[in-house]
Structures are given as structure tokens and as C-alpha cells.
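Novice: Mind looking over this structure? Questions follow.
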Amino acid sequence: MERTKIKELLLAKPGQKVLAKGWVRTKRGNKDIAFIALNDGSTINNIQIVVNKAQIDSNILAKVTTGACIGVCGDLVESVGSGQAVEIQASEIEIYGECDPMRYPLQKKDTSFEFLRSVAHMRMRTNTFGAVLRIRNQMAFAIHEYFHSKGFVYLNTPLITESDCEGAGQMFQVTTLDLENPPRNKKGGIDYAKDFFGKQTSLTVSGQLEGELGATALGEIYTFGPTFRAENSNTPRHLAEFWMIEPEMAFYDITDNMNLAEDFIKHLVKYALDNCYDDIKFLNDRYDNELIDRLKSVIGTDFVRLEYTEGIKILEKAVADGTQFEYPVSWGVDLQSEHERYLVEKHFGKPVILTGYPKDIKAFYMKQNEDGKTVRAMDVLFPKIGEIIGGSERESSLEKLEKRIDELHMSRTNLEWYIDTRRFGSCPHSGFGLGFERLLLFVTGMQNIRDVIPFPRTPKNAEF
Ligand code: 4AD
Ligand code: MG
């Protein structure tokens, strides 16, 4: 007999023989009857298995413990109990894998997120992580579908690179050199000519620069892949390995870029509500009963579009009126997440797209404004999260770009391929990066970014 997934069984017509397979969540009952809650990961909901103890070998039933993996054959019948439409009257149970209740890490006694991170190899079996990971999957699909429907080309950019796109020096080096005894050059430095790639390489912090090569050839592209940052920020919003979606579009100016970012993110939030409602409802009811309202409110509102300079004025006024921030505010500073959240949550009560940042706190590739001080950057700031998207219009003038690279004392030699886009048929273009896990924090209402990725990598932690 063929197995049916529990998600389908819960919607199926009673009155048929079925086979379900999954992991036991709970078993309870009395001397005549046992009730097993079975879950196979296809849905947050369990199917109830009713066992008439006279019909099933008691040795087998004894092995049906929390965590065990079993197959159940039986009749799908209308459920008498409340809470479910159908249940299975078991006629046969097969044990695939026993689970020693004394040693199983997922016990009722400690279900804190900290504890679950220490058993990340098992935590996907919990309701919460099942829900989060199903939502993650749906969001990944929705992202591809969104861009595909708009004719964007999915471009795979390299993970190993020699360029530090964001210029923040937060790269993980990739090398096969013997670290105990590296080859030396004449000056006594490390001789990277002898390294695997014949030069110094790292894991990428962003696929943007290669994305721009794609956009200035294919028109509109997007990347969706892992990125790596060796920033030592132990915060609930930073990972050392995270996934980013980076669209890059020829002929888009900063306004087109903002319009796309707003439409994109609203589409994704709406997609989540339309396609992951059971999981979102579970998270809403269990942890954060404003989650669904927050998601709906983002879809139904126009994001505020605000110049950095105006944002700073609002924050300075807040300070004058008695708001206390940990970090000082004045024109020229990079905003901290407390500032971003003040603007979004306290001042406007909705998402804000902040533009026109000082050029000194942004990357070299951003289009410079006429004032000589600011660039056409845009950060999309979200409630509970702060920055969820960072992007800009790109500097398309060869002269200005080269000047900026020199000002920042960046090496031009390993960027010549990038600068070629401005030498040969340069065009106005724009793009942005959405942090996938930041999006998931918003959509799931989870508090810590370590809990929206299956196996988080953070400073001092690369287990599993
Ligand atoms: O603002 P960032 O650094 O922008 C870029 O990397 C650009 N090259 C993107 C582009 O224009 N194509 O990063 C973009 C987004 C941030 O807004 C944030 O959502 C996420 O990536 N992000 C992180 N997410 C998790 N952990 C980290 N350490 C992150 N750093 C950035
Ligand atoms: Mg940023």
C-alpha cells in the first residue's frame, strides 16, 4: 500500500484504507485504547491514531514512544473527538525506528530556544521549527516565482572571490596553504601565488558585483545564495553565514529600485499569509499574537520614503524630547538598529525606506549625488527588525567610480573586470540585497536569527 502524507490525509474523505508514516509526538490512553499523535513534517497538524489494544500486539505498542518512527495502516474514519475531522483506526503498526524516551533530547522539560539550538540536529522535529522551516521553503519558492514571472534571469554568482564588495573587510579567507609553514615571498609576506587560486581569495560577502555584470548584459537578474561575513556581531540579527537575494536591474533609477523592493517584499508577505497560514497561525498563537496583524499591516500600507538627513532630524528631536539611545545620533553616523526601530515603530508606525545616506558610511559603488556628500543608497527598515534590505542606484560614471575607489584606497587591480562595465556600454542601473533570514524573522515573528536557519553559524559556533 502506498503512503499518504498527513497533510493530505487530514483533508481526505473518511471511509478508506490508508497508510501513514511519521514520528510519534505523543501517546496517551487507558487500558483498552491508545491515542497516538503522529507527524510526518508535511504539516504542523498531527493525525490522531486510535489503537484498540486488543488488536495490536502489546510488544509493538510498547515501542510506540515519543520520537519513534512508525508506519500505521488502518481505516480513515470520521473523528469523534474534537480538534480533528478524521483519524486513523489502526489495524497494523510497523516500527521503523525505536526511540529511547530516557535519551531522546526533545523532552518536555527543556524547550527553550537556547537549549534547542544545542540540539539543532533534532530541533527540526519540533512544531516550532517544522513551522519555521516550512515557511522558509515557501518563501524561497515565492522569491524564484516572483522574479521568474517578471522575466528576471536567475544568475549564479561565485562563492569564492577576491573582491570585498562591501569594503568592510569582513571576509573569511579560503586557502589551501599550510598555515603552520606558509610559503614566503621576497618581502617576507605570504606568497599567495602559491595558493590554490594563485592569489588571495575569500568567501563572498555579496554577489552584487558579479550581479552587475549580469544586469548590464541580460537586463534584469537576481542571485539567491549564501553569503559569508566574519563580523564579530553577536546579535539576534547577525549570522556569519546567511542567504541573500540580490536583484540587479539595468535602466532602473533609485525610485524604480524602491518601487521594486516595496512590491517584492509585500508580495512575499502576502504569499506567506496565503500559503503558510497554518504555520503562521501556530506561531502567532504560541509566541506572538500580533504577528498576523503585523504581516497584514505591512501589505496594506505605503512605505514611508525619507531622506537620511530628515531621519536624523527626527532622531535628534527625539533625543531632545528625552528619548535615550545607547548610541549618539548626528548627521554622518551610521544608524544603529535602535535608531531604525525608533523611526519605524515609534515615529511612523510603518516600514521606512531611507535614502540619501552620507557617502562615507556606504560602499564605493553607490551613485553619488550632486551635493558631493550623499549617495543614492536605500535601506528598507522594518518593524522589529531594523534593516531588512540594503541597496542603491549604482555609480555609472567611469570617472567618478575610479575616483571613489582611489579615495577609499581600494586596489583597482582586482576590480578591473568590474570597472569594465563602466568602460564598455555603461548604463544607469540599480539593485538591492534582501537578507533572507531577516525576512524570515519578520514573517515568522521569531526573535533570534539563529532560529530561522536550520544550522546557524555565528562566532564560536559551527556545530552540525
Ligand atoms: O546592506 P548589505 O550589506 O548590502 C549588500 O551586501 C549589497 N551588496 C546588496 C546589494 O545592493 N545587492 O546587506 C544586504 C542585506 C541587509 O539589509 C540584511 O538584511 C542582510 O543582507 N544582512 C545580514 N543578514 C544576516 N546576518 C548578517 N550578518 C547580515 N548582514 C547583512
Ligand atoms: Mg546594509
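Residues in the C-alpha cells are numbered from 1 in each chain, the chains being A, B, ... in the order shown, and ligands are numbered from 1 in the order shown.
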Please provide as an NGL selection string all residues within 10 Å of range 268-276 of chain A, with the sequence filter that same-chain residues fewer than 5 positions apart are discarded (counting only C-alpha atoms).

Specialist: :A and (43 or 131-132 or 134-136 or 138-143 or 146 or 263 or 281 or 292 or 295-296 or 298-300 or 439-440 or 442-444)

Novice: List all protein, DNA and RNA residues that have an atom no more than 7 Å from any atom of ligand 1, counting only C-alpha atoms and all ligand atoms, and report them as a ChimeraX atom specification.

Specialist: /A:165-166,205-208,229,231,237-242,244,246-248,379,387-392,431-438

Novice: Using DSSP on the backbone coordinates, identify the residues of range 225-379 of chain A assigned to helix (DSSP H, G or I); present them as a ChimeraX atom specification.

Specialist: /A:254-275,277-286,291-299,308-320,337-348,359-361

Novice: Ranking A:Leu335, A:Ala250, A:Val174, A:Ala90 by minimum distance to ligand 2 and counting only C-alpha atoms and all ligand atoms, which one comes first?

Specialist: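 Distance minimum relative to ligand 2 lands on A:Leu335.
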
Novice: If we count only C-alpha atoms and set the cut-off at 9 Å, which residues sit around range 16-27 of chain A, ignoring sequence neighbours fewer than 6 positions away in its own chain? Please answer as an mmCIF file with N, CA and C atoms, in the first residue's frame.

Specialist:
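Written out: result39.cif:
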data_model
loop_
_atom_site.group_PDB
_atom_site.id
_atom_site.type_symbol
_atom_site.label_atom_id
_atom_site.label_comp_id
_atom_site.auth_asym_id
_atom_site.auth_seq_id
_atom_site.Cartn_x
_atom_site.Cartn_y
_atom_site.Cartn_z
ATOM 1 N N MET A 1 0.835 -1.207 0.000
ATOM 2 C CA MET A 1 0.000 0.000 0.000
ATOM 3 C C MET A 1 0.869 1.256 0.000
ATOM 4 N N GLU A 2 0.397 2.275 -0.717
ATOM 5 C CA GLU A 2 1.180 3.493 -0.811
ATOM 6 C C GLU A 2 0.926 4.412 0.371
ATOM 7 N N ARG A 3 1.956 5.075 0.805
ATOM 8 C CA ARG A 3 1.823 6.002 1.924
ATOM 9 C C ARG A 3 1.161 7.305 1.454
ATOM 10 N N THR A 4 0.290 7.854 2.296
ATOM 11 C CA THR A 4 -0.264 9.178 2.025
ATOM 12 C C THR A 4 0.287 10.137 3.078
ATOM 13 N N LYS A 5 0.652 11.351 2.633
ATOM 14 C CA LYS A 5 1.163 12.321 3.604
ATOM 15 C C LYS A 5 0.038 12.798 4.511
ATOM 16 N N ILE A 6 0.423 13.135 5.733
ATOM 17 C CA ILE A 6 -0.579 13.509 6.734
ATOM 18 C C ILE A 6 -1.341 14.775 6.324
ATOM 19 N N LEU A 9 -3.988 13.429 4.220
ATOM 20 C CA LEU A 9 -4.932 12.592 4.971
ATOM 21 C C LEU A 9 -5.940 13.445 5.733
ATOM 22 N N ALA A 34 -5.451 3.274 22.928
ATOM 23 C CA ALA A 34 -4.338 4.239 22.937
ATOM 24 C C ALA A 34 -4.553 5.256 21.824
ATOM 25 N N PHE A 35 -4.157 6.488 22.097
ATOM 26 C CA PHE A 35 -4.205 7.548 21.084
ATOM 27 C C PHE A 35 -2.781 7.980 20.780
ATOM 28 N N ILE A 36 -2.428 7.921 19.525
ATOM 29 C CA ILE A 36 -1.081 8.339 19.118
ATOM 30 C C ILE A 36 -1.223 9.587 18.249
ATOM 31 N N ALA A 37 -0.436 10.618 18.559
ATOM 32 C CA ALA A 37 -0.383 11.789 17.667
ATOM 33 C C ALA A 37 0.830 11.600 16.774
ATOM 34 N N LEU A 38 0.581 11.523 15.462
ATOM 35 C CA LEU A 38 1.652 11.224 14.513
ATOM 36 C C LEU A 38 1.882 12.428 13.606
ATOM 37 N N ASN A 39 3.161 12.731 13.369
ATOM 38 C CA ASN A 39 3.500 13.865 12.499
ATOM 39 C C ASN A 39 4.562 13.430 11.508
ATOM 40 N N ASP A 40 4.405 13.852 10.254
ATOM 41 C CA ASP A 40 5.421 13.473 9.253
ATOM 42 C C ASP A 40 6.099 14.680 8.621
ATOM 43 N N GLY A 41 5.884 15.858 9.211
ATOM 44 C CA GLY A 41 6.551 17.058 8.700
ATOM 45 C C GLY A 41 5.835 17.731 7.543
ATOM 46 N N ASN A 46 -0.984 17.152 13.516
ATOM 47 C CA ASN A 46 -0.770 15.706 13.659
ATOM 48 C C ASN A 46 -2.024 14.975 13.212
ATOM 49 N N ILE A 47 -1.855 13.701 12.852
ATOM 50 C CA ILE A 47 -3.059 12.886 12.684
ATOM 51 C C ILE A 47 -3.186 12.017 13.928
ATOM 52 N N VAL A 64 5.994 2.105 20.719
ATOM 53 C CA VAL A 64 5.475 3.378 20.205
ATOM 54 C C VAL A 64 5.662 4.430 21.301
ATOM 55 N N THR A 65 6.804 5.076 21.290
ATOM 56 C CA THR A 65 7.085 6.104 22.293
ATOM 57 C C THR A 65 7.360 7.419 21.570
ATOM 58 N N THR A 66 7.345 8.509 22.304
ATOM 59 C CA THR A 66 7.622 9.814 21.699
ATOM 60 C C THR A 66 8.949 9.780 20.936
ATOM 61 N N GLY A 67 8.894 10.197 19.681
ATOM 62 C CA GLY A 67 10.110 10.233 18.867
ATOM 63 C C GLY A 67 10.292 9.022 17.975
ATOM 64 N N ALA A 68 9.613 7.918 18.290
ATOM 65 C CA ALA A 68 9.777 6.712 17.465
ATOM 66 C C ALA A 68 9.205 6.947 16.076
ATOM 67 N N CYS A 69 9.757 6.218 15.101
ATOM 68 C CA CYS A 69 9.266 6.337 13.729
ATOM 69 C C CYS A 69 8.445 5.092 13.395
ATOM 70 N N ILE A 70 7.214 5.302 12.970
ATOM 71 C CA ILE A 70 6.317 4.165 12.736
ATOM 72 C C ILE A 70 5.528 4.325 11.432
ATOM 73 N N GLY A 71 4.978 3.210 10.984
ATOM 74 C CA GLY A 71 4.009 3.220 9.898
ATOM 75 C C GLY A 71 2.699 2.651 10.440
ATOM 76 N N VAL A 72 1.611 3.255 10.057
ATOM 77 C CA VAL A 72 0.310 2.798 10.548
ATOM 78 C C VAL A 72 -0.623 2.557 9.383
ATOM 79 N N CYS A 73 -1.164 1.346 9.337
ATOM 80 C CA CYS A 73 -2.153 1.025 8.328
ATOM 81 C C CYS A 73 -3.500 0.961 9.021
ATOM 82 N N GLY A 74 -4.531 1.495 8.400
ATOM 83 C CA GLY A 74 -5.833 1.425 9.046
ATOM 84 C C GLY A 74 -6.903 2.130 8.256
ATOM 85 N N ASP A 75 -8.083 2.237 8.882
ATOM 86 C CA ASP A 75 -9.206 2.918 8.221
ATOM 87 C C ASP A 75 -9.211 4.388 8.605
ATOM 88 N N LEU A 76 -9.371 5.221 7.596
ATOM 89 C CA LEU A 76 -9.552 6.645 7.871
ATOM 90 C C LEU A 76 -11.025 6.843 8.206
ATOM 91 N N VAL A 77 -11.291 7.290 9.430
ATOM 92 C CA VAL A 77 -12.690 7.427 9.861
ATOM 93 C C VAL A 77 -12.944 8.837 10.370
ATOM 94 N N ILE A 88 -7.216 7.844 12.261
ATOM 95 C CA ILE A 88 -6.988 6.506 11.702
ATOM 96 C C ILE A 88 -7.254 5.454 12.784
ATOM 97 N N ARG A 125 12.355 18.525 14.411
ATOM 98 C CA ARG A 125 11.192 17.681 14.725
ATOM 99 C C ARG A 125 10.189 18.360 15.647
ATOM 100 N N THR A 126 10.519 19.550 16.119
ATOM 101 C CA THR A 126 9.546 20.241 16.978
ATOM 102 C C THR A 126 8.533 20.985 16.115
#

Novice: Under the rule that only C-alpha atoms and all ligand atoms are counted, which of A:Leu306, A:Val50, A:Leu354, A:Leu398 is the nearest residue to ligand 2?

Specialist: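 Selected residue with least distance to ligand 2: A:Leu354.
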
Novice: Do you have the CA of Gln324 in chain A-CA of Ile385 in chain A distance handy?

Specialist: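 Spanning CA of Gln324 in chain A to CA of Ile385 in chain A is a straight-line distance of 19.1 Å.
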
Novice: For range 423-430 of chain A, please output as number ranges by chain all residues within 12 Å (counting only C-alpha atoms; exclusion window: fewer than 5 positions along the same chain).

Specialist: A: 208-209, 211-217, 219-222, 246-261, 365-367, 376-378, 390-402, 416-418

Novice: Using only C-alpha atoms, determine which residues lie at most 8 Å from Phe129 in chain A, disregarding the query and same-chain residues fewer than 4 positions distant; provide the list as an NGL selection string.

Specialist: :A and (123-125 or 133 or 451-452)

Novice: Hey, which of A:Glu370, A:Asp420, A:Glu345, A:Glu340 ends up closest to ligand 2? Count only C-alpha atoms and all ligand atoms.

Specialist: A:Glu340

Novice: What parts of range 267-319 of chain A does DSSP call strand (DSSP E)? I'd like the answer as a ChimeraX atom specification.

Specialist: /A:304-307

Novice: Deliver the residues from the most recent selection as a file, using N, CA and C atoms, as an mmCIF file, in the first residue's frame.

Specialist:
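Contents of again30.cif, as written:
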data_model
loop_
_atom_site.group_PDB
_atom_site.id
_atom_site.type_symbol
_atom_site.label_atom_id
_atom_site.label_comp_id
_atom_site.auth_asym_id
_atom_site.auth_seq_id
_atom_site.Cartn_x
_atom_site.Cartn_y
_atom_site.Cartn_z
ATOM 1 N N VAL A 304 7.002 54.515 4.069
ATOM 2 C CA VAL A 304 7.474 55.902 4.110
ATOM 3 C C VAL A 304 8.780 55.994 3.326
ATOM 4 N N ARG A 305 8.960 57.036 2.563
ATOM 5 C CA ARG A 305 10.239 57.263 1.881
ATOM 6 C C ARG A 305 10.851 58.547 2.428
ATOM 7 N N LEU A 306 12.010 58.412 3.002
ATOM 8 C CA LEU A 306 12.556 59.507 3.799
ATOM 9 C C LEU A 306 14.044 59.662 3.524
ATOM 10 N N GLU A 307 14.473 60.912 3.436
ATOM 11 C CA GLU A 307 15.906 61.192 3.293
ATOM 12 C C GLU A 307 16.598 60.969 4.631
#
